[in-house]
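Just coords-v4.tsv here, TSV, C-alpha atoms:
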chain	number	residue	atom	x	y	z
A	126	MET	CA	184.12	7.05	41.83
A	127	GLN	CA	185.63	3.61	41.60
A	128	PHE	CA	187.17	1.95	38.58
A	129	THR	CA	188.22	-1.67	38.34
A	130	LYS	CA	191.06	-2.82	36.10
A	131	LYS	CA	188.45	-3.95	33.57
A	132	GLU	CA	186.65	-0.61	33.61
A	133	ILE	CA	189.96	1.18	33.06
A	134	GLN	CA	190.70	-1.08	30.08
A	135	GLN	CA	187.29	-0.46	28.55
A	136	MET	CA	187.39	3.31	29.04
A	137	ASP	CA	187.52	5.65	26.04
A	138	ARG	CA	191.21	6.01	25.11
A	139	ILE	CA	191.51	9.78	25.64
A	140	LYS	CA	189.60	9.64	28.92
A	141	ARG	CA	191.93	6.86	30.11
A	142	LEU	CA	195.04	8.76	29.00
A	143	LYS	CA	193.93	11.85	30.93
A	144	LEU	CA	192.93	9.93	34.05
A	145	ILE	CA	195.86	7.52	34.33
A	146	ASN	CA	198.37	10.27	33.57
A	147	SER	CA	197.01	12.10	36.65
A	148	VAL	CA	197.00	9.35	39.26
A	149	SER	CA	200.70	9.34	40.15
A	150	GLY	CA	200.35	12.90	41.52
A	151	ILE	CA	202.23	16.05	40.55
A	152	LYS	CA	205.03	15.51	38.03
A	153	PRO	CA	208.19	17.57	37.47
A	154	ALA	CA	208.40	19.76	34.36
A	155	ASN	CA	211.71	19.54	32.55
A	156	LEU	CA	213.11	20.16	29.09
A	157	ILE	CA	215.66	17.67	27.77
A	158	GLY	CA	218.21	19.14	25.35
A	159	THR	CA	220.20	17.04	22.88
A	160	ILE	CA	222.32	17.44	19.75
A	161	ASP	CA	222.91	15.09	16.82
A	162	GLY	CA	226.12	14.29	14.92
A	163	ASN	CA	225.44	17.15	12.49
A	164	GLY	CA	225.11	19.74	15.24
A	165	ARG	CA	221.32	19.93	15.02
A	166	THR	CA	219.83	20.63	18.44
A	167	ASN	CA	216.61	19.20	19.86
A	168	LEU	CA	214.50	20.14	22.87
A	169	ALA	CA	211.59	18.16	24.31
A	170	ILE	CA	209.39	18.41	27.40
A	171	PHE	CA	209.38	15.44	29.82
A	172	SER	CA	207.32	14.91	32.98
A	173	SER	CA	209.04	11.67	34.01
A	174	VAL	CA	212.42	12.86	35.34
A	175	LEU	CA	213.11	10.90	38.51
A	176	HIS	CA	215.70	11.06	41.30
A	177	LEU	CA	217.49	7.69	41.51
A	178	GLY	CA	220.32	8.38	43.92
A	179	SER	CA	222.74	10.99	45.23
A	180	GLU	CA	226.03	9.07	45.22
A	181	PRO	CA	226.54	8.70	42.36
A	182	ALA	CA	224.14	11.50	41.37
A	183	LEU	CA	221.73	9.64	39.08
A	184	LEU	CA	218.51	10.72	37.37
A	185	GLY	CA	216.19	8.67	35.19
A	186	PHE	CA	213.42	9.40	32.71
A	187	ILE	CA	211.01	7.24	30.73
A	188	ILE	CA	211.09	6.96	26.97
A	189	ARG	CA	209.36	4.80	24.39
A	190	PRO	CA	212.27	3.92	22.12
A	191	THR	CA	210.41	1.98	19.46
A	192	GLY	CA	207.32	2.49	17.34
A	193	ASP	CA	206.46	4.71	14.42
A	194	VAL	CA	206.92	8.08	16.14
A	195	PRO	CA	210.36	9.68	15.73
A	196	ARG	CA	212.31	9.82	18.99
A	197	HIS	CA	214.85	12.54	18.37
A	198	THR	CA	215.82	12.80	22.04
A	199	TYR	CA	216.56	9.09	22.33
A	200	ASP	CA	218.35	8.91	18.98
A	201	ASN	CA	220.60	11.84	19.85
A	202	ILE	CA	221.49	10.42	23.28
A	203	MET	CA	222.37	7.10	21.63
A	204	GLN	CA	224.56	8.96	19.13
A	205	ASN	CA	226.71	10.95	21.54
A	206	GLY	CA	225.90	9.83	25.09
A	207	GLU	CA	225.02	13.28	26.43
A	208	TYR	CA	221.96	15.36	27.23
A	209	THR	CA	220.82	18.20	29.45
A	210	ILE	CA	217.89	18.39	31.89
A	211	ASN	CA	216.50	21.91	32.43
A	212	HIS	CA	213.80	22.96	34.91
A	213	ILE	CA	210.78	24.70	33.40
A	214	HIS	CA	209.60	27.88	35.12
A	215	ARG	CA	206.42	29.93	35.05
A	216	SER	CA	207.98	32.46	32.70
A	217	PHE	CA	208.31	30.00	29.80
A	218	THR	CA	205.81	27.23	30.51
A	219	GLU	CA	203.83	27.83	27.32
A	220	ARG	CA	206.94	27.84	25.09
A	221	ALA	CA	208.12	24.66	26.81
A	222	HIS	CA	204.75	22.95	26.34
A	223	TYR	CA	204.86	23.48	22.58
A	224	THR	CA	208.14	21.59	22.22
A	225	SER	CA	205.84	18.54	22.28
A	226	ALA	CA	204.68	19.24	18.71
A	227	LYS	CA	206.00	16.68	16.24
A	228	PHE	CA	208.46	18.92	14.45
A	229	GLU	CA	210.63	17.52	11.67
A	230	LYS	CA	214.18	16.53	12.62
A	231	GLU	CA	215.57	19.54	10.74
A	232	VAL	CA	213.62	21.91	12.97
A	233	SER	CA	215.12	22.90	16.32
A	234	GLU	CA	212.54	23.43	19.05
A	235	PHE	CA	214.88	26.05	20.51
A	236	GLU	CA	214.19	28.19	17.47
A	237	VAL	CA	210.46	27.69	16.90
A	238	CYS	CA	209.64	27.90	20.63
A	239	ASN	CA	211.95	30.89	21.15
A	240	LEU	CA	214.16	29.37	23.84
A	241	THR	CA	217.89	30.11	23.92
A	242	GLU	CA	220.66	27.58	23.49
A	243	GLU	CA	223.50	27.78	26.01
A	244	PHE	CA	226.66	25.68	25.99
A	245	VAL	CA	229.29	24.93	28.60
A	246	LYS	CA	232.64	23.63	27.49
A	247	GLU	CA	232.39	20.20	29.15
A	248	ILE	CA	229.05	19.21	27.60
A	249	LYS	CA	228.16	18.90	23.91
A	250	ALA	CA	224.37	19.00	24.43
A	251	PRO	CA	222.60	22.39	24.63
A	252	PHE	CA	221.22	23.82	27.88
A	253	VAL	CA	218.21	26.13	28.04
A	254	LYS	CA	219.54	29.57	28.96
A	255	GLU	CA	216.19	30.64	30.47
A	256	SER	CA	216.30	27.78	33.02
A	257	LEU	CA	217.65	28.51	36.50
A	258	LEU	CA	218.39	24.90	37.49
A	259	LYS	CA	219.89	22.55	34.94
A	260	MET	CA	222.21	19.63	34.54
A	261	GLY	CA	224.58	18.24	31.95
A	262	MET	CA	224.09	14.46	31.93
A	263	LYS	CA	226.20	11.50	30.82
A	264	PHE	CA	224.16	8.54	29.57
A	265	ILE	CA	224.69	5.39	31.69
A	266	GLU	CA	222.15	2.88	30.40
A	267	ALA	CA	218.60	2.40	29.16
A	268	ILE	CA	216.83	-0.33	31.11
A	269	PRO	CA	213.98	-1.88	29.10
A	270	ILE	CA	210.56	-2.23	30.75
A	271	PRO	CA	209.27	-5.22	28.79
A	272	HIS	CA	205.72	-5.01	30.14
A	273	ASN	CA	204.87	-1.96	28.03
A	274	GLY	CA	207.83	-1.40	25.69
A	275	THR	CA	209.18	1.69	27.44
A	276	ALA	CA	212.65	2.15	28.91
A	277	LEU	CA	214.15	3.90	31.92
A	278	VAL	CA	217.01	6.06	30.63
A	279	ILE	CA	219.61	6.53	33.38
A	280	GLY	CA	222.25	9.25	33.43
A	281	GLU	CA	224.78	10.72	35.83
A	282	ILE	CA	225.06	14.44	36.55
A	283	GLN	CA	228.32	15.78	35.10
A	284	HIS	CA	227.68	19.45	35.49
A	285	LEU	CA	225.09	21.17	37.66
A	286	LEU	CA	224.11	24.82	37.18
A	287	VAL	CA	222.02	26.45	39.92
A	288	ALA	CA	221.08	30.14	39.88
A	289	ASP	CA	221.81	31.97	43.12
A	290	GLU	CA	218.13	32.84	43.60
A	291	ALA	CA	217.26	29.13	43.78
A	292	TYR	CA	218.88	28.89	47.22
A	293	THR	CA	217.17	29.66	50.50
A	294	GLN	CA	219.13	31.36	53.28
A	295	ASP	CA	219.71	28.00	54.95
A	296	ASN	CA	221.15	26.48	51.78
A	297	ASP	CA	218.16	24.49	50.55
A	298	ILE	CA	216.69	24.73	47.06
A	299	ASP	CA	213.41	26.68	46.89
A	300	LEU	CA	211.47	25.68	43.80
A	301	ALA	CA	208.79	28.34	44.40
A	302	GLN	CA	211.36	31.13	44.43
A	303	ILE	CA	212.45	30.30	40.87
A	304	GLY	CA	208.87	29.97	39.57
A	305	GLY	CA	208.96	26.18	39.47
A	306	VAL	CA	206.01	24.36	37.94
A	307	GLY	CA	204.57	20.85	38.05
A	308	ILE	CA	202.47	18.92	35.54
A	309	SER	CA	199.39	16.84	36.09
A	310	GLY	CA	197.93	14.64	33.42
A	311	LEU	CA	198.98	15.55	29.91
A	312	ASN	CA	198.68	19.30	29.76
A	313	THR	CA	197.84	20.96	33.08
A	314	TYR	CA	200.47	23.08	34.80
A	315	TYR	CA	200.58	23.99	38.48
A	316	GLU	CA	202.51	26.66	40.34
A	317	LEU	CA	204.23	25.72	43.59
A	318	ARG	CA	203.97	27.46	46.94
A	319	MET	CA	206.24	26.36	49.77
A	320	LYS	CA	204.16	25.20	52.68
A	321	ASN	CA	206.07	23.10	55.23
A	322	ARG	CA	209.53	21.97	55.99
A	323	PHE	CA	209.52	19.15	58.51
A	324	PRO	CA	212.64	17.81	60.24
A	325	PHE	CA	214.41	14.62	59.23
A	326	VAL	CA	212.58	12.06	61.31
A	327	ARG	CA	214.21	10.44	64.32
A	328	LEU	CA	212.17	7.76	66.02
A	329	ASN	CA	212.19	9.45	69.43
A	330	GLU	CA	211.05	12.76	67.93
A	331	VAL	CA	207.78	11.61	66.37
A	332	PRO	CA	204.93	13.81	67.69
A	333	ASP	CA	201.98	12.18	69.44
A	334	PHE	CA	199.30	12.30	66.72
A	335	ASN	CA	196.65	10.41	68.65
B	289	MET	CA	226.65	28.36	41.10
B	290	GLN	CA	228.24	25.56	39.12
B	291	PHE	CA	229.22	22.13	40.35
B	292	THR	CA	231.22	19.57	38.41
B	293	LYS	CA	230.81	15.85	38.95
B	294	LYS	CA	233.94	15.91	41.10
B	295	GLU	CA	232.68	18.78	43.23
B	296	ILE	CA	229.39	16.93	43.78
B	297	GLN	CA	231.31	13.81	44.85
B	298	GLN	CA	233.45	15.79	47.31
B	299	MET	CA	230.53	17.70	48.81
B	300	ASP	CA	229.50	17.14	52.44
B	301	ARG	CA	227.13	14.16	52.45
B	302	ILE	CA	224.08	15.95	53.87
B	303	LYS	CA	224.55	18.96	51.60
B	304	ARG	CA	224.77	16.60	48.60
B	305	LEU	CA	221.67	14.66	49.70
B	306	LYS	CA	219.65	17.87	49.98
B	307	LEU	CA	220.89	19.32	46.71
B	308	ILE	CA	220.69	16.22	44.50
B	309	ASN	CA	217.27	15.29	45.89
B	310	SER	CA	216.04	18.70	44.65
B	311	VAL	CA	217.38	18.78	41.12
B	312	SER	CA	214.78	16.56	39.43
B	313	GLY	CA	212.07	19.16	40.23
B	314	ILE	CA	208.84	18.75	42.16
B	315	LYS	CA	208.07	15.17	43.24
B	316	PRO	CA	204.71	13.55	43.96
B	317	ALA	CA	203.78	12.83	47.59
B	318	ASN	CA	202.27	9.39	48.10
B	319	LEU	CA	201.80	6.88	50.89
B	320	ILE	CA	202.30	3.20	50.05
B	321	GLY	CA	200.22	0.79	52.15
B	322	THR	CA	201.09	-2.89	52.57
B	323	ILE	CA	200.25	-5.85	54.80
B	324	ASP	CA	202.32	-8.85	55.84
B	325	GLY	CA	201.34	-12.51	56.17
B	326	ASN	CA	200.32	-11.97	59.80
B	327	GLY	CA	197.93	-9.14	58.97
B	328	ARG	CA	200.29	-6.41	60.21
B	329	THR	CA	199.86	-3.25	58.15
B	330	ASN	CA	202.61	-0.85	57.09
B	331	LEU	CA	202.52	2.66	55.62
B	332	ALA	CA	205.44	4.60	54.17
B	333	ILE	CA	205.90	7.89	52.31
B	334	PHE	CA	207.44	7.78	48.82
B	335	SER	CA	208.34	10.64	46.50
B	336	SER	CA	209.31	8.44	43.53
B	337	VAL	CA	205.94	7.23	42.21
B	338	LEU	CA	206.10	7.47	38.42
B	339	HIS	CA	203.62	7.10	35.56
B	340	LEU	CA	204.85	4.37	33.20
B	341	GLY	CA	201.91	3.88	30.87
B	342	SER	CA	198.13	4.00	30.51
B	343	GLU	CA	197.40	0.74	28.70
B	344	PRO	CA	198.09	-1.28	30.74
B	345	ALA	CA	197.85	1.24	33.59
B	346	LEU	CA	201.33	0.95	35.12
B	347	LEU	CA	203.05	2.89	37.88
B	348	GLY	CA	206.57	2.49	39.21
B	349	PHE	CA	208.47	3.56	42.31
B	350	ILE	CA	212.08	3.29	43.44
B	351	ILE	CA	213.19	1.16	46.35
B	352	ARG	CA	216.53	0.10	47.80
B	353	PRO	CA	215.85	-3.59	48.46
B	354	THR	CA	219.14	-4.51	50.09
B	355	GLY	CA	221.29	-3.14	52.88
B	356	ASP	CA	220.98	-3.02	56.64
B	357	VAL	CA	217.83	-0.89	56.85
B	358	PRO	CA	214.57	-2.85	57.15
B	359	ARG	CA	212.37	-2.53	54.06
B	360	HIS	CA	208.92	-3.42	55.31
B	361	THR	CA	207.19	-2.10	52.19
B	362	TYR	CA	209.32	-4.19	49.86
B	363	ASP	CA	209.16	-7.30	52.04
B	364	ASN	CA	205.36	-7.13	52.27
B	365	ILE	CA	204.95	-6.66	48.52
B	366	MET	CA	207.20	-9.67	47.93
B	367	GLN	CA	205.08	-11.68	50.37
B	368	ASN	CA	201.66	-11.07	48.88
B	369	GLY	CA	202.08	-9.19	45.61
B	370	GLU	CA	199.83	-6.27	46.49
B	371	TYR	CA	200.08	-2.68	47.69
B	372	THR	CA	198.17	0.58	47.63
B	373	ILE	CA	199.30	4.05	46.48
B	374	ASN	CA	197.51	6.94	48.20
B	375	HIS	CA	197.85	10.67	47.40
B	376	ILE	CA	198.92	12.87	50.31
B	377	HIS	CA	196.94	16.08	50.83
B	378	ARG	CA	197.53	19.30	52.75
B	379	SER	CA	195.29	18.11	55.59
B	380	PHE	CA	197.60	15.24	56.61
B	381	THR	CA	201.03	16.15	55.24
B	382	GLU	CA	202.68	16.20	58.65
B	383	ARG	CA	201.26	12.82	59.69
B	384	ALA	CA	202.35	11.38	56.35
B	385	HIS	CA	205.87	12.79	56.71
B	386	TYR	CA	206.37	11.03	60.03
B	387	THR	CA	205.72	7.59	58.53
B	388	SER	CA	209.40	7.90	57.50
B	389	ALA	CA	210.55	7.21	61.08
B	390	LYS	CA	212.19	3.80	61.45
B	391	PHE	CA	209.44	2.13	63.44
B	392	GLU	CA	209.76	-1.53	64.43
B	393	LYS	CA	207.96	-4.05	62.25
B	394	GLU	CA	205.35	-4.63	64.99
B	395	VAL	CA	204.34	-0.97	64.86
B	396	SER	CA	201.80	0.12	62.25
B	397	GLU	CA	202.39	3.65	60.95
B	398	PHE	CA	198.60	3.90	60.51
B	399	GLU	CA	198.28	3.81	64.27
B	400	VAL	CA	201.18	5.99	65.41
B	401	CYS	CA	200.60	8.58	62.69
B	402	ASN	CA	196.84	8.56	63.21
B	403	LEU	CA	195.81	7.66	59.67
B	404	THR	CA	192.86	5.36	59.02
B	405	GLU	CA	193.04	1.95	57.36
B	406	GLU	CA	190.41	1.29	54.69
B	407	PHE	CA	189.89	-1.97	52.83
B	408	VAL	CA	188.07	-2.86	49.62
B	409	LYS	CA	187.16	-6.44	49.02
B	410	GLU	CA	189.36	-7.01	45.96
B	411	ILE	CA	192.63	-5.85	47.58
B	412	LYS	CA	194.38	-7.25	50.66
B	413	ALA	CA	196.60	-4.20	51.26
B	414	PRO	CA	195.24	-1.25	53.29
B	415	PHE	CA	194.24	2.06	51.71
B	416	VAL	CA	194.47	5.40	53.54
B	417	LYS	CA	190.91	6.51	54.22
B	418	GLU	CA	191.91	10.20	54.37
B	419	SER	CA	193.25	10.11	50.79
B	420	LEU	CA	190.96	11.26	47.97
B	421	LEU	CA	192.84	9.59	45.11
B	422	LYS	CA	194.24	6.10	45.63
B	423	MET	CA	194.96	2.87	43.85
B	424	GLY	CA	195.10	-0.82	44.64
B	425	MET	CA	198.15	-2.23	42.84
B	426	LYS	CA	199.24	-5.67	41.68
B	427	PHE	CA	202.98	-6.20	41.71
B	428	ILE	CA	204.38	-6.95	38.22
B	429	GLU	CA	208.14	-6.93	38.62
B	430	ALA	CA	211.10	-5.24	40.31
B	431	ILE	CA	213.72	-4.21	37.76
B	432	PRO	CA	217.18	-3.90	39.32
B	433	ILE	CA	219.21	-0.75	38.66
B	434	PRO	CA	222.69	-2.21	39.06
B	435	HIS	CA	224.48	1.15	38.97
B	436	ASN	CA	223.36	2.08	42.49
B	437	GLY	CA	221.65	-1.00	43.94
B	438	THR	CA	218.10	0.37	43.74
B	439	ALA	CA	215.17	-1.19	41.89
B	440	LEU	CA	212.18	0.09	39.94
B	441	VAL	CA	209.10	-1.64	41.39
B	442	ILE	CA	206.38	-1.88	38.72
B	443	GLY	CA	202.71	-2.51	39.40
B	444	GLU	CA	199.41	-2.44	37.54
B	445	ILE	CA	196.37	-0.56	38.79
B	446	GLN	CA	193.68	-3.04	39.84
B	447	HIS	CA	191.32	-0.69	41.58
B	448	LEU	CA	191.19	3.10	41.34
B	449	LEU	CA	189.31	5.24	43.86
B	450	VAL	CA	188.77	8.92	42.99
B	451	ALA	CA	186.73	11.28	45.17
B	452	ASP	CA	184.09	13.27	43.26
B	453	GLU	CA	185.71	16.57	44.26
B	454	ALA	CA	188.89	15.57	42.43
B	455	TYR	CA	187.15	16.08	39.09
B	456	THR	CA	186.87	19.36	37.22
B	457	GLN	CA	183.69	20.15	35.30
B	458	ASP	CA	185.33	19.04	32.07
B	459	ASN	CA	186.30	15.67	33.51
B	460	ASP	CA	189.97	16.29	34.27
B	461	ILE	CA	191.63	15.65	37.62
B	462	ASP	CA	192.35	18.83	39.60
B	463	LEU	CA	195.12	18.17	42.12
B	464	ALA	CA	194.78	21.64	43.68
B	465	GLN	CA	191.08	21.09	44.43
B	466	ILE	CA	191.90	18.09	46.63
B	467	GLY	CA	194.77	19.85	48.45
B	468	GLY	CA	197.47	17.98	46.56
B	469	VAL	CA	201.07	18.50	47.62
B	470	GLY	CA	204.49	17.98	46.10
B	471	ILE	CA	207.88	17.33	47.69
B	472	SER	CA	211.24	18.88	46.94
B	473	GLY	CA	214.44	17.54	48.37
B	474	LEU	CA	214.00	15.39	51.44
B	475	ASN	CA	211.52	17.26	53.57
B	476	THR	CA	210.02	20.34	51.92
B	477	TYR	CA	206.35	20.29	50.94
B	478	TYR	CA	204.69	22.54	48.36
B	479	GLU	CA	201.05	23.32	47.73
B	480	LEU	CA	199.79	23.33	44.15
B	481	ARG	CA	197.86	26.06	42.37
B	482	MET	CA	196.47	25.35	38.91
B	483	LYS	CA	197.90	27.82	36.45
B	484	ASN	CA	197.52	26.78	32.81
B	485	ARG	CA	195.94	24.15	30.71
B	486	PHE	CA	197.35	24.16	27.21
B	487	PRO	CA	195.88	22.20	24.29
B	488	PHE	CA	197.32	18.93	23.03
B	489	VAL	CA	199.82	20.12	20.49
B	490	ARG	CA	199.19	19.75	16.78
B	491	LEU	CA	202.00	20.86	14.53
B	492	ASN	CA	199.91	23.38	12.60
B	493	GLU	CA	198.61	24.97	15.78
B	494	VAL	CA	201.94	26.00	17.32
B	495	PRO	CA	201.84	29.75	18.11
B	496	ASP	CA	204.47	32.04	16.60
B	497	PHE	CA	206.78	32.63	19.56
B	498	ASN	CA	209.37	34.66	17.70
Do you think you could lay out the structure here as structure tokens?
Amino acid sequence: MQFTKKEIQQMDRIKRLKLINSVSGIKPANLIGTIDGNGRTNLAIFSSVLHLGSEPALLGFIIRPTGDVPRHTYDNIMQNGEYTINHIHRSFTERAHYTSAKFEKEVSEFEVCNLTEEFVKEIKAPFVKESLLKMGMKFIEAIPIPHNGTALVIGEIQHLLVADEAYTQDNDIDLAQIGGVGISGLNTYYELRMKNRFPFVRLNEVPDFN
Amino acid sequence: MQFTKKEIQQMDRIKRLKLINSVSGIKPANLIGTIDGNGRTNLAIFSSVLHLGSEPALLGFIIRPTGDVPRHTYDNIMQNGEYTINHIHRSFTERAHYTSAKFEKEVSEFEVCNLTEEFVKEIKAPFVKESLLKMGMKFIEAIPIPHNGTALVIGEIQHLLVADEAYTQDNDIDLAQIGGVGISGLNTYYELRMKNRFPFVRLNEVPDFN
């Protein structure tokens, strides 16, 4: 099927949301943990966490900071400059998905979704104890994307926690081994199975494909 | 294992690259097709394609526009304002991976990696014929990320091509059905297996997890 820009614009809203949220490919499944000035914790699922660079170790994610929907994650990061990013695994995908309900600010998603808060001494924001790969982040900046009113929130890794079982024998991370999942569209979750590891490419080592 | 910011900074460069490129979770595997003013095509693998919004239908990806490495993709987009984003599937993952070799500008990765150019009349840039889900994009803007010298390249979908087999019976996209793959780190590819589809969350429909 083919869709022009005009046909996408004229599409039923839900159909467009489902389709356009699928076209970037598989998306990472993470929970972002924050805390407000009164010690109230918040946890929210995000599929937009993005690697920005290794030195410094920067990650981004997309947020819509304005509008009539409460943005507890964004507000809390603005208040204290810290957050955590926690990988979602097979074992708690459903509980993680339901953090997307619009709970009141007084309600902690940790509690209603039965996920466990974990703290390390360097970071104020709560980690998800059930997660085997997680990071304490320091907020760097939120870069506005004027074209649609979103923003790219950029942070630097301050503290990285990796479970031993996440490592392969040759010191790589194996997302399948820790039950890693990906998201497509708005609400479909995929399991991962490691398939290939190809070498770093040097020009004189490219196979003859023709 | 735990790593502080300082320990990450002091890590061996390759070890850090591998680790920090894995911590955002699974990444989408796409090929970006471009063409220069002389009609020379270019194709390059990217793991940073990101959904930014559905109305307008915007996608972003990360590029490092400066430095001593040639950036054919970025240069071509700057020249003519168009590019294509093409999903990578199981059937051509290896060929797609090798587009990352630093070929000279005169060399088209389509040719050396044995992938087929496909054109539609509305878009100058080449699509990948082998891909079952692909988009013709119009460049909107490149937003600099000063903290590490990268940029978020933003484009709007002009033309969306989706193979019939990508659709489920209930009109969702099924990435597993088309052999979709994800990337972790720099060079590890994962297959996808659909696991769960949970409902859109309404507050009064959250299960009791406790």
#### Entry: Contact residues around range 291-300 of chain B with all atoms listed in the file at 9 Å, ignoring same-chain residues under 2 positions, as number ranges by chain
A: 180-182, 281-287; B: 289, 302-305, 308
### Message
Report, in Å to a single decimal, how far apart CA of Ile308 in chain A and CA of Leu340 in chain B are.
### Response
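Going from CA of Leu340 in chain B over to CA of Ile308 in chain A covers 14.9 Å.
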### Task
Quick one: everything within 9 Å of Leu338 in chain B, counting all atoms listed in the file, minus sequence neighbours fewer than 5 positions away in the same chain. Send it as a list in words.
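Selected residues are Ser149, Gly150, Lys152, Ser173, Val174 and Leu175 of chain A; Pro316, Leu346, Leu347, Gly348, Phe349 and Ile350 of chain B.
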### Coordinates-based distance that separates CA of Ile428 in chain B from CA of Pro353 in chain B (Å, one decimal)
15.7 Å
### Message
Which residue is closest to Met423 in chain B? Choose from B:Tyr371, B:Arg481, B:Thr456, B:Val395 and count all atoms listed in the file.
### Response
B:Tyr371
### Task
Rank nothing, just name the residue among B:His375, B:Arg359, B:Arg352, B:Lys409 nearest to Leu463 in chain B, using only C-alpha atoms.
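For Leu463 in chain B, the nearest of the given residues is B:His375.
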### Message
Under the rule that all atoms listed in the file are counted, which of B:Phe380, B:Tyr386, B:Phe407, B:Phe334 is the nearest residue to chain A?
### Response
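Using all atoms listed in the file, the shortest distance to chain A belongs to B:Tyr386.
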